[in-house]
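K.L.:
The structure is given below, and queries will be raised subsequently.
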Amino acid sequence: MTVPVQDDPVAHELVAFLEKKTGSPWSVERDLFAEGGLSSLFALELVVFLEKTFSVTISGPDLQLVNYRSVVSMVGLVHRLRTGDA
């Protein structure tokens with residue numbers, strides 16, 4: 001049985017991080033980059049947050065923007081990296 005993304009602990013951590021960093025509310029489907037204003041430095045900070053918080057290593061093809069567009073996509077990335085389905 002799969003947990004809905006909005007109930008996933010990884011999603012909760014990501015939403016809290018994004019809300020703290022941006023000062024605005026985040027839904028799990030909100031596109032981080034569609035609205036502009038997020039810098040490449042923020043993107044790097046996001047990768048470091050994911051690696052440290054969820055004990056995953058992100059490299060190579062996993063650094064594609066599509067993996068960071070939304071909380072939904074990042075939850076999928078974290079779970080895929082944790083299970084080794086690279």
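Order determines the names: the first chain of the structure tokens is A, the second B, and so forth; residues in each chain are numbered 1 upward, and ligands are numbered 1 upward as they are shown.
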Could you give me, as a list of chain:residue names, the residues within 8 Å of region 64-80 of chain A, counting only C-alpha atoms and dropping anything in the same chain fewer than 6 positions from it?
P.N.:
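So, after excluding close chain neighbours, the residues are A:Val5, A:Val10, A:Ala11, A:Leu14, A:Val15, A:Ser27, A:Val28, A:Glu29, A:Arg30, A:Asp31, A:Leu32, A:Phe33, A:Leu50, A:Phe54, A:Val56, A:Ala86.
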K.L.:
So that each row is one residue of region 27-57 of chain A with an atom at most 9 Å from region 16-21 of chain A, can you give its shortest atom pair and the distance in Å to one decimal, using only C-alpha atoms, rows by chain and rising number, as a tab-separated table?
P.N.:
```
residue	atom	partner	partner_atom	distance
A:Phe42	CA	A:Lys21	CA	9.0
A:Leu46	CA	A:Leu18	CA	8.8
A:Phe49	CA	A:Phe17	CA	8.5
```
K.L.:
Could you pull out the helix (DSSP H, G or I) residues of region 5-86 of chain A from DSSP and send them as a PyMOL selection string?
P.N.:
chain A and resi 5-7+9-22+40-54+60-63+65-68+71-83
K.L.:
Could you check the closest approach to His12 (chain A) for each of A:Thr53, A:Val47, A:Leu38, A:Leu81 and tell me which residue wins, using only C-alpha atoms?
P.N.:
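Under the stated criterion, the closest residue is A:Thr53.
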